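Inspection log for the structure reproduced underneath, given as structure tokens.
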Amino acid sequence: MQPTYTAEANAFREKIQAFLAEHLPNDWTGLGALDSASAMAFTREWRNILRDNTLLAATWPTEYGGAGLSALESVIMAEEFQKAGVPTGGSNDAFSIQMVGNTIIHWGTEEQKKHFLPRIISGEDIWCQGYSEPNAGSDLGNLGCRASLDGDEWIINGQKIWTSAGHLANWIFVLTRTEPEVAKHRGITFLLCPMDQEGVEVRPIKMISGESEFNEVFFTEARTPKENVIGEVNGGWAVAMTLLGYERGEAAATTPVAFRGELDRLTALAKELGRTDDPLVRQRLVWCHSKVEIMRYLGMRTLTKFLSGEHPGPDASIFKLYWSEYHKQVTELSVDLLGANGMHIEGKFPSSAFATDSPGAPNDSGSWIGTFLNARAGTIYAGTSQVQRNIIGEMVLGLPKEPRADGGPWKDVPK
């Protein structure tokens with residue numbers, strides 16, 4: 001199966017390619033070729049270029065600072081940016097623009113849109129996600145972080161964990177328990193909370209790679225205005241699920257491209273090391289090729305639904321489970337190819353702790369060992385492999401549900 005595009009879609013692709021050619025250096029090979037400081041500086045400047053050309057929040061309506069791109073145009077743009085090795089925004093824009101910004105457009109009042117959306121575009125407000133808790137990660141509905149209304153303000157107490165890029169943010173969208181006496185999914189409220197206050201503490205979590213890209217966040221009598229509810233009070237579960245759906249379309253387009261680029265780089269490494277004559281190495285490389293091709297078709301299926309306006313369903317778990325489990329295998333092959341050289345780290349670690357290294361990354365041990373370590377986390381973040389298998393079994397295949405306890409932190413919230 002090979003997808004076809006309309007003449008209009010191909011014209012838009014050429015427009016994006018021309019934009020990239022105009023604004024990137026002639027010797028550009030990808031963000032992965034830069035050292036950490038240079039990559040951060042480039043990303044900041046690149047965000048400004050995207051903002052000035054109305055491509056930062058490209059799918060937002062024009063009245064809110066976007067370009068009003070269609071779903072297909074946003075996918076084409078994401079594909080071309082991935083191929084070029086440039087980000088679609090700044091370090092926290094996946095949370096600021098793709099997640100909470102789109103959710104505010106979907107659920108927010110006009111006053112909320114006029115206040116928050118321009119501040120997201122300008123970079124004045126930088127967002128992170130407050131969902132998972134120590135006892136409510138796999139079962140998010142079991143959350144116990146609570147909020148109570150005190151006059152004109154919500155008071156928040158509790159803890160969130162695995163808060164990616166929380167140390168860079170000054171705002172957090174947080175799921176809170178506001179009514180403990182109803183079914184656990186019905187007593188949740190989606191709040192927007194400023195982080196620059198005494199009641200919010202961010203503590204970094206050291207990862208196996210040595211980096212600290214995610215954090216714990218503690219709320220102790222933290223406050224936010226009562227009008228900072230998105231959706232209805234006690235109706236936050238629907239808002240939360242809407243937010244999670246906004247990351248599916250772009251991921252389905254860019255993930256297969258990223259993994260194809262990574263595999264091409266791994267094949268080049270095998271050639272450099274003279275290992276492609278080894279039949280076992282060749283067999284493993286062919287296995288990886290077949291998996292990346294299957295991933296491409298899974299992505300196409302997800303994109304087909306996304307572009308037709310269908311909201312992502314439980315079968316999206318197949319894509320997440322597939323790529324995260326595959327990534328463990330392909331990075332194990334990279335370490336096997338490096339052999340004893342893998343014990344000596346040369347070069348820099350990946351510029352991101354999530355999925356593949358950035359395009360343009362050198363074929364050195366720093367990149368591959370760092371990616372090998374990060375790949376383990378891919379089976380945990382955004383839903384563990386165990387949870388994905390449960391979703392697929394119960395909601396896609398119709399298998400009996402796993403027994404669940406009704407108690408938990410949400411039952412322990414004081415009245």
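Scheme for the structure tokens: letters A, B, ... for chains in order shown; per-chain residue numbers from 1; ligand numbers from 1 in order shown.
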
Exercise for review: Within 10 Å of Thr224 (chain A), counting only C-alpha atoms, which residues show up once you throw out same-chain ones fewer than 4 positions away? Write them as a PyMOL selection string, please.
Suggested key: chain A and resi 147+149+152-156+191-195+197+228-229

Please produce a file of the residues just selected, as a PDB file, in the first residue's frame, where the atoms kept are N, CA and C atoms.
```pdb
ATOM      1  N   ALA A 147      -8.377  19.001  45.172  1.00  0.00           N
ATOM      2  CA  ALA A 147      -8.572  20.444  45.084  1.00  0.00           C
ATOM      3  C   ALA A 147      -9.917  20.786  45.708  1.00  0.00           C
ATOM      4  N   LEU A 149     -12.556  24.261  46.681  1.00  0.00           N
ATOM      5  CA  LEU A 149     -12.808  25.651  46.376  1.00  0.00           C
ATOM      6  C   LEU A 149     -12.861  26.460  47.663  1.00  0.00           C
ATOM      7  N   ASP A 152     -12.705  32.466  45.890  1.00  0.00           N
ATOM      8  CA  ASP A 152     -12.432  32.654  44.465  1.00  0.00           C
ATOM      9  C   ASP A 152     -11.237  31.837  43.983  1.00  0.00           C
ATOM     10  N   GLU A 153     -10.757  30.914  44.821  1.00  0.00           N
ATOM     11  CA  GLU A 153      -9.578  30.152  44.433  1.00  0.00           C
ATOM     12  C   GLU A 153      -9.751  28.659  44.733  1.00  0.00           C
ATOM     13  N   TRP A 154      -9.098  27.836  43.906  1.00  0.00           N
ATOM     14  CA  TRP A 154      -8.954  26.425  44.202  1.00  0.00           C
ATOM     15  C   TRP A 154      -7.670  26.226  44.998  1.00  0.00           C
ATOM     16  N   ILE A 155      -7.744  25.397  46.031  1.00  0.00           N
ATOM     17  CA  ILE A 155      -6.556  25.043  46.810  1.00  0.00           C
ATOM     18  C   ILE A 155      -6.211  23.598  46.490  1.00  0.00           C
ATOM     19  N   ILE A 156      -4.969  23.373  46.068  1.00  0.00           N
ATOM     20  CA  ILE A 156      -4.531  22.061  45.584  1.00  0.00           C
ATOM     21  C   ILE A 156      -3.521  21.470  46.546  1.00  0.00           C
ATOM     22  N   LEU A 191      -7.657  21.416  36.011  1.00  0.00           N
ATOM     23  CA  LEU A 191      -7.299  22.765  36.448  1.00  0.00           C
ATOM     24  C   LEU A 191      -6.021  23.256  35.779  1.00  0.00           C
ATOM     25  N   LEU A 192      -5.935  24.566  35.578  1.00  0.00           N
ATOM     26  CA  LEU A 192      -4.720  25.230  35.123  1.00  0.00           C
ATOM     27  C   LEU A 192      -4.119  25.950  36.323  1.00  0.00           C
ATOM     28  N   CYS A 193      -2.846  25.645  36.618  1.00  0.00           N
ATOM     29  CA  CYS A 193      -2.250  26.158  37.857  1.00  0.00           C
ATOM     30  C   CYS A 193      -0.884  26.780  37.590  1.00  0.00           C
ATOM     31  N   PRO A 194      -0.656  27.997  38.087  1.00  0.00           N
ATOM     32  CA  PRO A 194       0.676  28.597  37.969  1.00  0.00           C
ATOM     33  C   PRO A 194       1.665  27.877  38.889  1.00  0.00           C
ATOM     34  N   MET A 195       2.893  27.699  38.421  1.00  0.00           N
ATOM     35  CA  MET A 195       3.898  26.985  39.204  1.00  0.00           C
ATOM     36  C   MET A 195       4.812  27.925  39.988  1.00  0.00           C
ATOM     37  N   GLN A 197       4.899  29.732  42.551  1.00  0.00           N
ATOM     38  CA  GLN A 197       4.328  30.073  43.853  1.00  0.00           C
ATOM     39  C   GLN A 197       4.917  29.132  44.897  1.00  0.00           C
ATOM     40  N   ASN A 228     -10.062  28.981  36.419  1.00  0.00           N
ATOM     41  CA  ASN A 228      -9.080  28.195  35.676  1.00  0.00           C
ATOM     42  C   ASN A 228      -9.470  26.731  35.563  1.00  0.00           C
ATOM     43  N   VAL A 229     -10.756  26.461  35.559  1.00  0.00           N
ATOM     44  CA  VAL A 229     -11.275  25.117  35.268  1.00  0.00           C
ATOM     45  C   VAL A 229     -11.538  25.024  33.773  1.00  0.00           C
TER      46      VAL A 229
END
```

**Study point:** Nearest to Ile230 (chain A) by atom-to-atom distance, counting only C-alpha atoms, from A:Cys145, A:Leu243, A:Leu266, A:Leu321
**Key:**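 Of the candidates, the smallest distance to Ile230 (chain A) is held by A:Leu243.
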
**Study point:** alpha helix (DSSP H) residues, from DSSP on the backbone, in region 47-296 of chain A, as a PyMOL selection string
**Key:** chain A and resi 47-52+71-84+93+102-107+110-122+236-245+248-272+279-296

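The residue that comes closest to Glu211 (chain A), out of A:Val396, A:Ala165, A:Leu285, A:Ala7 and on the basis of only C-alpha atoms, is A:Ala165.
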
Review point. Skipping near chain neighbours, those fewer than 3 positions away, what residues fall within 6 Å of Thr254 (chain A) using only C-alpha atoms, listed as a ChimeraX atom specification?
Key: /A:79,251,257

Exercise for review: Identify, with DSSP run on backbone atoms, the residues in region 67-154 of chain A assigned to strand (DSSP E), and express the list as a list in words.
Suggested key: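 Those residues are Trp127, Cys128, Gln129, Gly130, Arg146, Ala147, Ser148, Leu149, Asp150, Glu153 and Trp154 of chain A.
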
Point to revise | Of the listed residues A:Ala222, A:Met395, A:Val100, A:Ile120, that which approaches Phe173 (chain A) most closely, counting only C-alpha atoms | key: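 Looking at the shortest contact to Phe173 (chain A), the residue is A:Val100.
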
Practice item. Name all residues at most 12 Å from Val330 (chain A) (count only C-alpha atoms; drop same-chain ones fewer than 2 positions away) and give them as a PyMOL selection string. Key: chain A and resi 259-260+262-267+281+284-292+323-328+332-337+355-356+368-369+371-373+375-376

Practice item. Using only C-alpha atoms, determine which residues lie at most 10 Å from Leu24 (chain A), disregarding the query and same-chain residues fewer than 5 positions distant; provide the list as a ChimeraX atom specification. Key: /A:19,29-30,46,84,86

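Between Ile105 (chain A) and the candidates A:Ile208, A:Ile76, A:Leu117, A:Leu399, the tightest atom-to-atom separation, counting only C-alpha atoms, involves A:Leu117.
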
**Study point:** Residues within 12 Å of Gly65 (chain A), only C-alpha atoms, excluding chain neighbours under 5 positions, as number ranges by chain
**Key:** A: 50-60, 97, 101, 105, 113-114, 116-122

Point to revise | Spatial neighbours of Trp127 (chain A), 7 Å, only C-alpha atoms, chain gap at least 3 places, as a list in words | key: Asn92, Phe95, Ser96, Ala169, Asn170, Trp171 and Ile172 of chain A

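CA of Ser351 (chain A) is found 27.3 Å from CA of Arg275 (chain A).
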
**Study point:** Which residue of A:Ala21, A:Cys128, A:Ala78, A:Ile392 approaches Ala94 (chain A) most closely, using only C-alpha atoms
**Key:**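 The answer is A:Cys128, which sits nearest to Ala94 (chain A).
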